[in-house]
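Below is one structure, written out as structure tokens; comments come after it.
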Amino acid sequence: MAQPGIPAARGAAAGLQAQNGAASASGSPYTNGPVQNTLMSSQVSSGQGYDSQLPGSYPRPMPAKTLNPFSAQSNFGGSQGSGQTLNRPLVASNPVPPSLHSGPSRMPPPPSQNPTATSMPSGSFLPGTNVPPPPLNWQYNYPSTGPQTNHFPHIAQPSISGNTNLTADHQYVSSGDPALQTSFIKPGSALPLQNPPLPTTFQPGAPPGPPPAAGLPPNRPPPAAGPPPNRGLTSQKTPPRAALPPSFNSAVSHDGITANASNGSMVTHSTYDEIEGGGFLAPQPANQNPQTSRSVGYAYPSLPPGYQNTALPGAAGMPPPSLNYPSGPQAFTQTPLGANHLTASMSGLSLHPEGLRVVNLLQERNMLPSTPLKPPVPNLHEDIQKLNCNPELFRCTLTSIPQTQALLNKAKLPLGLLLHPFKDLVQLPVVTSSTIVRCRSCRTYINPFVNFLDQRRWKCNLCYRVNDVPEEFMYNPLTRVYGEPHKRPEVQNATIEFMAPSEYMLRPPQPPVYLFVFDVSHNAIETGYLNSVCQSLLDNLDLLPGNTRTKIGFITFDSTIHFYSLQEGLSQPQMLIVSDIDDVFIPMPENLLVNLNESKELVQDLLKTLPQMFTKTLETQSALGPALQAAFKLISPTGGRISVFQTQLPTLGVGALKPREEPNQRSSAKEIHLTPSTDFYKKLALDCSGQQAAVDLFLLSGQYSDLASLGCISRYSAGSVYYYPSYHHQHNPVQVQKLQKELQRYLTRKIGFEAVMRIRCTKGLSIHTFHGNFFVRSTDLLSLPNVNPDAGYAVQMSVEESLTDTQLVSFQSALLYTSSKGERRIRVHTLCLPVVSTLNEVFLGADVQAISGLLANMAVDRSVTASLSDARDALVNAVIDSLSAYRSSVLSSQQPGLMVPFSLRLFPLFVLALLKQKSFQTGTNVRLDERIFAMCQVKNQPLVHLMLTTHPSLYRVDNLSDEGALNINDRTIPQPPILQLSVEKLSRDGAFLMDAGSVLMLWVGKNCAQNFLSQVLGVQNYASIPQTMTELPELDTPESARTVAFISWLREQRPFFPILYVIREESLMKAVFLQNLVEDRTESALSYYEFLLHIQQQVNK
Ligand SMILES: [Zn+2]
């Protein structure tokens, strides 16, 4: 199928010509500013009942299902949830999905010899009537700098593509107009139960609540915090100093804490928004577990602030904690960052000369570096850069921020951030201090990029407010020196974690609660998965993150729902069957979620017997929806994690689904069902989110199971989706191994509960679209009932106000969570970047991986809200538009060829790889659920994994040597060069390893050297390589040691264990291997060279 080495076949060339003809000129750039605003605001204000926006087709089993004890949540869920993300009417009235837009037809046609494929993508842009006319040109929804955008001067209307259009409405409405905001508040106040009404009593002795900051509606709850950060930032023009919220610092003195803790005053926060953004004290409720309160800082008042550098709780295998602060008499003297530093940085431009080069991609076809591509280093003075956030945690698509939106628009590159905020870290400074120093105006945490005006004052690097340095901060516990606030760890580390005092809590930290929900229908039992899962749980029971408070529970279901009483003292678990799935109730709720320590034996008993209990079942129905409702009810009082294992399409009760996939239609890009068929799962997810519960879905199904609908349960509750197609305990041993390994990680990795995340940025910049699994509450606060170290997030930004007077901008993410040990913690990352004024500098600083990753996220949204072909067009246009801009505006002379800045030399390659990725590829060989799963992955993976999945690394491994090898802990790890992804790089006498992130493929050539076969694979000859081989033997040979060391090292780089497939000529996996050779032509996609020619034609038009 792959036909390498056919450069620009005649057919393709002809196709390209035709394509050119069809391509329309780029017209007026579309901005979503005014259009979207008007539409959305009118929608919301006219129909506050969100039901009016519901498609009539929703079968509405929900209202009847109102969960009596939780009616408030039901309402909440109802109103929030009815804004079906993929609600057609909403989409239709909203001209552009918040992200990419595509030009009509600059997509390269597939090779013309494939009739199926040719009929496909390019002609089909105007998918059904629901989709608005595509804009003529694509941009990234930048609000334009023109007058039209500024209906809402305070903030770019955030659109929550990662979540819900309805949410976007909310956010939008909340963005500035007081009248509209009123209407926003209403639905918002129907938020979860645990968000009590507004604080009615304020902290005695604390300053009274601030008047609402200027620019905020008067009826906004008097938040402690003043405006949420972005709004706060952007509305800085107006608020008078007097309106500032009371100082957090002044309210929290050492003594104050003791007093607050003991006097039992009534102040409570009503929302996490206030907490994260806010500054009021909120003593814990009276029934506070004393143990807990001690662990969160109440007991510290009399102690000097202590600092720890601890390993993260629950993170296995971490080295013992040790202090790692630059504690010596370092020469770091805080001078005002900015002018001085920047001047210095400009003179000693840190870019390597290579980075300034212009590359003609048609001449230099192999631009792929032989070592993993490193993120670009921001062009900052080294004193600043050495303090900057690790790009693995936090990076920006443009490491040089354009000064104005006009400049950004010119570059035609997306501006956004990619985050991996909860990544496992070996070194993490943890600060325990009664004073967390934050900007009084915008609530930014003090960080390395603030400016100390003198010892007593610091200037916020986000909003420029001058703040006092609190007395306590004057003392540096590391050096034991008074009077060097700039040497405190908070100012020396761009990544830091704070132990949060009680005002960062809405309630006592929840215990870790794990609820497992198992499909035990006939189909499920057939797969044999239950055995694996129960065994995994037994093996890892003691490793579940938690403490003596950990709770656990189990539910199984087929056509009925089964609960298990695990009450301490029972001689064996007791099964309780509830057959009324129309009105699920919880029998003996207090005995179903039990303390793991106290009931461990019963839990173990249950896990041992469960797999046998249903072996004779004939029940084929699946009441997943009711089972999830039961799980939700059971976990509601505490929140926690629900892990659902499902093996088929749910058939019974609420949430029942129908098959929608038509295999013959798979190729027809516009017809496929990427949108959910019901909003049941999304609504339930929002209910869960409101109760601080996340749902992780494990789908083990060989049949179509409508992941597009099911996946919503995880997406909006901040869970994750795991997919094991065709799982079978006998027929598919590889999947069994994969599930076991992944469960091991899943069960034992760190977990954060009841988390919220907020991202702040320097005044003038504005975040407007979020990607990932979460629910967006109150404009820009991401609600994450669970947060795990393997989840990634992305946001899009625009330049709202000119940054002409600014030389540096900063971005700060703050993740507030409850650890499995019951501590409230805040993890803060701060990234600092330079501002530039020329297009060339913007291009020089482009981070091609971050750009590709952000575009992939945008393209998923585009696929769902418009169509797959639209998304594909948009991806291609992203390359064409930016390279055209570079050619016309930066290059002085118009050379022939395809000239690109060095920073973007891999841009066309990565976009081509995205087009061939499962999410976006055309052709009939992607099953719908697999495609949806790939899209879920795009949204939920950290960038590094997304890029590896998209553009795998290929190595030749039959001749590994120690040359250039790494030495880690006495292990020698070979570092073979990375090869281009083309059959041209393979040879039959070699063996090649492809690292595609979640899977490793070792292709062995037919004439592979005998040495490799015997010394590494341990086989006599090629013919005796087993048909299915997923492990390498550890032989006592240097060759084996090198190969095994290399593969182990690759595996250690990622959280989930990638399965290794050894592939020979006849292997089934061979097709997958070849498909990943993205530089080659396939039946339905161009080769890299053909793609370059196409891009060149478009760019040089
Ligand atoms: Zn500030």
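Letters A, B, ... go to the chains of the structure tokens in the order shown; residues in each chain start at 1; ligands are counted from 1 in the same order.
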(message) Can you pull out the residues contacting stretch 536-538 of chain A? Cut-off 12 Å, using only C-alpha atoms, and skip same-chain residues under 2 positions away; I want them as a ChimeraX atom specification.
(response) /A:514-516,529-534,540-544,552,554,600-610,643,736-748
Would you mind exporting the chosen residues as a compact mmCIF listing (two decimals), in the first residue's frame, restricted to N, CA and C atoms?
```txt
# COMPACT_ATOMS: atom_id res chain seq x y z
N TYR A 514 -12.56 5.63 46.42
CA TYR A 514 -12.46 4.91 45.15
C TYR A 514 -13.66 4.00 44.99
N LEU A 515 -14.43 4.26 43.97
CA LEU A 515 -15.62 3.45 43.71
C LEU A 515 -15.44 2.76 42.35
N PHE A 516 -15.55 1.45 42.34
CA PHE A 516 -15.38 0.69 41.10
C PHE A 516 -16.73 0.18 40.63
N TYR A 529 -12.32 -9.99 31.48
CA TYR A 529 -11.58 -8.83 32.00
C TYR A 529 -11.64 -8.74 33.53
N LEU A 530 -12.75 -9.25 34.08
CA LEU A 530 -12.99 -9.05 35.50
C LEU A 530 -11.88 -9.70 36.33
N ASN A 531 -11.44 -10.82 35.85
CA ASN A 531 -10.34 -11.51 36.51
C ASN A 531 -9.10 -10.63 36.61
N SER A 532 -8.73 -10.09 35.45
CA SER A 532 -7.55 -9.21 35.40
C SER A 532 -7.67 -8.03 36.34
N VAL A 533 -8.84 -7.40 36.28
CA VAL A 533 -9.00 -6.18 37.05
C VAL A 533 -9.00 -6.49 38.54
N CYS A 534 -9.72 -7.53 38.91
CA CYS A 534 -9.76 -7.88 40.34
C CYS A 534 -8.38 -8.26 40.84
N ASN A 540 -2.61 -4.37 44.12
CA ASN A 540 -2.27 -2.97 44.37
C ASN A 540 -3.07 -2.32 45.49
N LEU A 541 -3.83 -3.13 46.19
CA LEU A 541 -4.72 -2.57 47.20
C LEU A 541 -3.98 -1.71 48.23
N ASP A 542 -2.81 -2.18 48.61
CA ASP A 542 -2.05 -1.44 49.62
C ASP A 542 -1.32 -0.25 49.03
N LEU A 543 -1.32 -0.19 47.72
CA LEU A 543 -0.59 0.92 47.08
C LEU A 543 -1.53 2.03 46.62
N LEU A 544 -2.83 1.84 46.80
CA LEU A 544 -3.75 2.92 46.43
C LEU A 544 -3.36 4.16 47.23
N ILE A 552 -13.47 2.68 49.98
CA ILE A 552 -13.57 1.93 48.74
C ILE A 552 -14.96 1.30 48.66
N PHE A 554 -17.80 -1.02 45.69
CA PHE A 554 -17.95 -1.73 44.41
C PHE A 554 -19.42 -1.80 44.02
N LYS A 600 -10.56 -4.36 55.01
CA LYS A 600 -9.69 -4.86 53.95
C LYS A 600 -9.94 -6.34 53.63
N GLU A 601 -10.16 -7.14 54.65
CA GLU A 601 -10.35 -8.56 54.37
C GLU A 601 -11.61 -8.81 53.56
N LEU A 602 -12.65 -8.10 53.90
CA LEU A 602 -13.88 -8.26 53.13
C LEU A 602 -13.68 -7.82 51.69
N VAL A 603 -12.94 -6.74 51.52
CA VAL A 603 -12.66 -6.25 50.17
C VAL A 603 -11.88 -7.31 49.39
N GLN A 604 -10.90 -7.87 50.05
CA GLN A 604 -10.11 -8.90 49.38
C GLN A 604 -10.97 -10.12 49.04
N ASP A 605 -11.81 -10.51 49.97
CA ASP A 605 -12.74 -11.61 49.70
C ASP A 605 -13.56 -11.33 48.46
N LEU A 606 -14.10 -10.13 48.43
CA LEU A 606 -14.96 -9.78 47.30
C LEU A 606 -14.18 -9.85 45.99
N LEU A 607 -12.99 -9.29 46.00
CA LEU A 607 -12.21 -9.27 44.75
C LEU A 607 -11.84 -10.69 44.31
N LYS A 608 -11.69 -11.58 45.27
CA LYS A 608 -11.37 -12.96 44.90
C LYS A 608 -12.60 -13.69 44.34
N THR A 609 -13.76 -13.37 44.87
CA THR A 609 -14.94 -14.13 44.44
C THR A 609 -15.66 -13.51 43.25
N LEU A 610 -15.50 -12.21 43.10
CA LEU A 610 -16.26 -11.51 42.07
C LEU A 610 -16.15 -12.16 40.68
N SER A 643 -14.42 4.50 38.87
CA SER A 643 -13.77 3.82 37.75
C SER A 643 -14.78 2.84 37.15
N VAL A 736 -4.45 -7.92 27.25
CA VAL A 736 -4.48 -8.30 28.67
C VAL A 736 -3.27 -7.72 29.38
N GLN A 737 -2.13 -7.87 28.75
CA GLN A 737 -0.89 -7.35 29.33
C GLN A 737 -0.96 -5.83 29.45
N LYS A 738 -1.48 -5.22 28.40
CA LYS A 738 -1.58 -3.76 28.40
C LYS A 738 -2.49 -3.28 29.53
N LEU A 739 -3.64 -3.93 29.67
CA LEU A 739 -4.57 -3.53 30.74
C LEU A 739 -3.91 -3.68 32.11
N GLN A 740 -3.23 -4.79 32.29
CA GLN A 740 -2.59 -5.02 33.59
C GLN A 740 -1.58 -3.93 33.90
N LYS A 741 -0.74 -3.64 32.93
CA LYS A 741 0.29 -2.62 33.15
C LYS A 741 -0.33 -1.25 33.39
N GLU A 742 -1.35 -0.94 32.61
CA GLU A 742 -1.94 0.38 32.75
C GLU A 742 -2.71 0.51 34.05
N LEU A 743 -3.34 -0.58 34.47
CA LEU A 743 -4.04 -0.54 35.76
C LEU A 743 -3.06 -0.32 36.90
N GLN A 744 -1.93 -0.96 36.77
CA GLN A 744 -0.89 -0.79 37.80
C GLN A 744 -0.56 0.68 37.98
N ARG A 745 -0.38 1.34 36.87
CA ARG A 745 -0.09 2.78 36.92
C ARG A 745 -1.31 3.55 37.43
N TYR A 746 -2.44 3.21 36.86
CA TYR A 746 -3.67 3.93 37.19
C TYR A 746 -3.98 3.88 38.68
N LEU A 747 -3.83 2.69 39.25
CA LEU A 747 -4.22 2.51 40.64
C LEU A 747 -3.22 3.14 41.61
N THR A 748 -1.98 3.22 41.21
CA THR A 748 -0.97 3.64 42.18
C THR A 748 -0.44 5.05 41.97
```
(message) Would you compute the distance between atom CA of A:Leu700 and atom CA of A:Pro733? Give it in Å to one decimal.
(response)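 Between atom CA of A:Leu700 and atom CA of A:Pro733 the gap is 13.3 Å.
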(request) Write down as a ChimeraX atom specification the residues belonging to stretch 809-857 of chain A that are assigned strand (DSSP E) by DSSP computed on the backbone. (result) /A:809-819,824-836
(request) Find the spatial neighbours of A:Asn476, counting only C-alpha atoms, within a cut-off of 9 Å - ignore same-chain residues fewer than 3 positions away - and output them as a list in words. (result) Glu472, Phe473, Thr479, Arg480, Val481, Tyr482, Gly483, Glu484, Pro485, His486, Lys487, Arg488 and Pro489 of chain A
(message) Can you measure atom CA of A:Ser521 to atom CA of A:Glu619 for me? One decimal in Å is fine.
(response) 5.5 Å
(request) For A:Cys688, please output as a count of residues only all residues within 7 Å (counting only C-alpha atoms; exclusion window: fewer than 5 positions along the same chain). (result) 4
(request) Within 10 Å of stretch 365-373 of chain A, counting only C-alpha atoms, which residues show up once you throw out same-chain ones fewer than 6 positions away? Write them as a list in words, please. (result) Val359, Val848, Gln849, Phe902, Arg905, Leu906, Leu909, Ser953, Leu954, Tyr955, Gln975, Pro976, Pro977, Ile978, Leu979, Gln980, Leu981, Tyr1088, Tyr1089 and Leu1092 of chain A
(request) Please check which protein, DNA or RNA residues sit within 8 Å of ligand 1, counting only C-alpha atoms and all ligand atoms, and write them as a count of residues only. (result) 15
(message) So that I can check the secondary structure, give me every residue of stretch 554-752 of chain A assigned helix (DSSP H, G or I) by backbone DSSP, as a ChimeraX atom specification.
(response) /A:589-591,600-613,624-635,663-665,680-690,707-710,712-715,733-748
Write a file of the just-selected residues containing C-alpha atoms, as an mmCIF file, in the first residue's frame.
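This is the output file again_5.cif:
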```
data_model
loop_
_atom_site.group_PDB
_atom_site.id
_atom_site.type_symbol
_atom_site.label_atom_id
_atom_site.label_comp_id
_atom_site.auth_asym_id
_atom_site.auth_seq_id
_atom_site.Cartn_x
_atom_site.Cartn_y
_atom_site.Cartn_z
ATOM 1 C CA PRO A 589 -25.429 3.537 51.783
ATOM 2 C CA GLU A 590 -23.272 3.582 54.888
ATOM 3 C CA ASN A 591 -22.043 0.023 54.323
ATOM 4 C CA LYS A 600 -9.688 -4.864 53.948
ATOM 5 C CA GLU A 601 -10.351 -8.557 54.368
ATOM 6 C CA LEU A 602 -13.882 -8.257 53.128
ATOM 7 C CA VAL A 603 -12.665 -6.253 50.173
ATOM 8 C CA GLN A 604 -10.109 -8.904 49.377
ATOM 9 C CA ASP A 605 -12.745 -11.608 49.703
ATOM 10 C CA LEU A 606 -14.965 -9.784 47.300
ATOM 11 C CA LEU A 607 -12.211 -9.271 44.754
ATOM 12 C CA LYS A 608 -11.374 -12.958 44.898
ATOM 13 C CA THR A 609 -14.941 -14.128 44.440
ATOM 14 C CA LEU A 610 -16.259 -11.515 42.067
ATOM 15 C CA PRO A 611 -14.847 -13.040 38.876
ATOM 16 C CA GLN A 612 -16.531 -16.358 39.627
ATOM 17 C CA MET A 613 -19.870 -14.957 40.673
ATOM 18 C CA LEU A 624 -24.793 1.405 32.416
ATOM 19 C CA GLY A 625 -26.694 4.664 32.818
ATOM 20 C CA PRO A 626 -28.596 3.594 35.953
ATOM 21 C CA ALA A 627 -25.405 2.067 37.356
ATOM 22 C CA LEU A 628 -23.638 5.375 36.903
ATOM 23 C CA GLN A 629 -26.510 7.157 38.586
ATOM 24 C CA ALA A 630 -26.163 4.786 41.494
ATOM 25 C CA ALA A 631 -22.444 5.425 41.639
ATOM 26 C CA PHE A 632 -23.055 9.135 41.609
ATOM 27 C CA LYS A 633 -25.516 8.889 44.486
ATOM 28 C CA LEU A 634 -23.210 6.742 46.492
ATOM 29 C CA ILE A 635 -20.172 8.962 46.093
ATOM 30 C CA PRO A 663 -18.716 0.752 8.321
ATOM 31 C CA ASN A 664 -19.301 1.634 4.689
ATOM 32 C CA GLN A 665 -19.599 5.243 5.599
ATOM 33 C CA PHE A 680 -27.257 12.042 29.499
ATOM 34 C CA TYR A 681 -23.585 11.314 30.056
ATOM 35 C CA LYS A 682 -22.570 14.904 29.960
ATOM 36 C CA LYS A 683 -25.279 15.921 32.387
ATOM 37 C CA LEU A 684 -24.353 13.192 34.770
ATOM 38 C CA ALA A 685 -20.709 14.192 34.459
ATOM 39 C CA LEU A 686 -21.589 17.729 35.442
ATOM 40 C CA ASP A 687 -23.531 16.424 38.419
ATOM 41 C CA CYS A 688 -20.483 14.422 39.377
ATOM 42 C CA SER A 689 -18.251 17.429 38.936
ATOM 43 C CA GLY A 690 -20.511 19.397 41.237
ATOM 44 C CA LEU A 707 -17.548 6.301 22.699
ATOM 45 C CA ALA A 708 -18.604 9.701 21.403
ATOM 46 C CA SER A 709 -21.507 9.559 23.838
ATOM 47 C CA LEU A 710 -19.952 7.504 26.627
ATOM 48 C CA CYS A 712 -18.640 12.618 27.887
ATOM 49 C CA ILE A 713 -18.895 11.060 31.320
ATOM 50 C CA SER A 714 -15.143 11.405 31.710
ATOM 51 C CA ARG A 715 -14.549 14.496 29.697
ATOM 52 C CA PRO A 733 -3.107 -11.600 25.303
ATOM 53 C CA VAL A 734 -1.432 -8.361 24.319
ATOM 54 C CA GLN A 735 -4.427 -6.342 25.427
ATOM 55 C CA VAL A 736 -4.482 -8.295 28.666
ATOM 56 C CA GLN A 737 -0.893 -7.352 29.332
ATOM 57 C CA LYS A 738 -1.579 -3.757 28.402
ATOM 58 C CA LEU A 739 -4.566 -3.530 30.735
ATOM 59 C CA GLN A 740 -2.586 -5.016 33.589
ATOM 60 C CA LYS A 741 0.290 -2.622 33.149
ATOM 61 C CA GLU A 742 -1.940 0.383 32.748
ATOM 62 C CA LEU A 743 -4.037 -0.541 35.759
ATOM 63 C CA GLN A 744 -0.890 -0.793 37.796
ATOM 64 C CA ARG A 745 -0.089 2.778 36.924
ATOM 65 C CA TYR A 746 -3.674 3.934 37.188
ATOM 66 C CA LEU A 747 -4.215 2.511 40.640
ATOM 67 C CA THR A 748 -0.968 3.640 42.179
#
```
(message) Let me make sure I understand: among A:Asp780, A:Asp847, A:Glu984, A:Glu1079, which one has the smallest atom-to-atom distance to A:Ser903 if we use only C-alpha atoms?
(response) A:Asp847
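You will find atom CA of A:Ser888 at 14.6 Å from atom CA of A:Ile1095.
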(request) Write out as a PyMOL selection string each polymer residue whose atoms come within 9 Å of A:Leu697, counting only C-alpha atoms; drop sequence neighbours fewer than 4 positions from it. (result) chain A and resi 642-646+710-711+713-714+719-723
Preceding selection exported with N, CA and C atoms as a CSV table (one decimal), in the first residue's frame:
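File produced: selection_19.csv:
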```csv
chain,number,residue,atom,x,y,z
A,642,ILE,N,-14.6,7.5,40.5
A,642,ILE,CA,-15.4,6.4,40.0
A,642,ILE,C,-14.7,5.8,38.8
A,643,SER,N,-14.4,4.5,38.9
A,643,SER,CA,-13.8,3.8,37.8
A,643,SER,C,-14.8,2.8,37.2
A,644,VAL,N,-15.2,3.1,35.9
A,644,VAL,CA,-16.2,2.3,35.3
A,644,VAL,C,-15.6,1.4,34.2
A,645,PHE,N,-16.0,0.1,34.3
A,645,PHE,CA,-15.5,-0.8,33.3
A,645,PHE,C,-16.7,-1.2,32.5
A,646,GLN,N,-16.7,-1.0,31.1
A,646,GLN,CA,-17.8,-1.3,30.3
A,646,GLN,C,-17.3,-2.0,29.1
A,710,LEU,N,-20.4,8.0,25.3
A,710,LEU,CA,-20.0,7.5,26.6
A,710,LEU,C,-18.8,8.4,27.2
A,711,GLY,N,-17.9,8.8,26.3
A,711,GLY,CA,-16.8,9.5,26.7
A,711,GLY,C,-17.1,10.8,27.4
A,713,ILE,N,-18.9,11.3,29.9
A,713,ILE,CA,-18.9,11.1,31.3
A,713,ILE,C,-17.5,11.4,31.9
A,714,SER,N,-16.5,11.1,31.2
A,714,SER,CA,-15.1,11.4,31.7
A,714,SER,C,-14.7,12.8,31.4
A,719,GLY,N,-12.3,13.2,34.2
A,719,GLY,CA,-11.7,11.8,34.2
A,719,GLY,C,-10.9,11.6,33.0
A,720,SER,N,-10.7,10.3,32.7
A,720,SER,CA,-9.9,9.9,31.5
A,720,SER,C,-10.6,8.7,30.9
A,721,VAL,N,-10.3,8.5,29.6
A,721,VAL,CA,-10.9,7.3,28.9
A,721,VAL,C,-9.7,6.4,28.6
A,722,TYR,N,-10.0,5.1,28.8
A,722,TYR,CA,-9.0,4.1,28.4
A,722,TYR,C,-9.8,3.1,27.5
A,723,TYR,N,-9.1,2.7,26.5
A,723,TYR,CA,-9.8,1.9,25.5
A,723,TYR,C,-9.0,0.7,25.1
```
(request) Go through A:Asp1036, A:Glu754, A:Glu598, A:Asp958 one by one, measure the shortest atom-to-atom distance of each to A:Arg507 using only C-alpha atoms, and give the residue with the smallest value. (result) A:Glu754
(message) Quick one: residues within 12 Å of A:Asn523, only C-alpha atoms, excluding same-chain residues fewer than 2 positions away - as number ranges by chain?
(response) A: 519-521, 525-530, 557-558, 614-622, 646-650, 700-703, 726-728
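Of the listed residues A:Arg357, A:His945, A:Arg971, A:Lys374, the one whose atoms come nearest to A:Arg1042 is A:Arg971, with distances taken using only C-alpha atoms.
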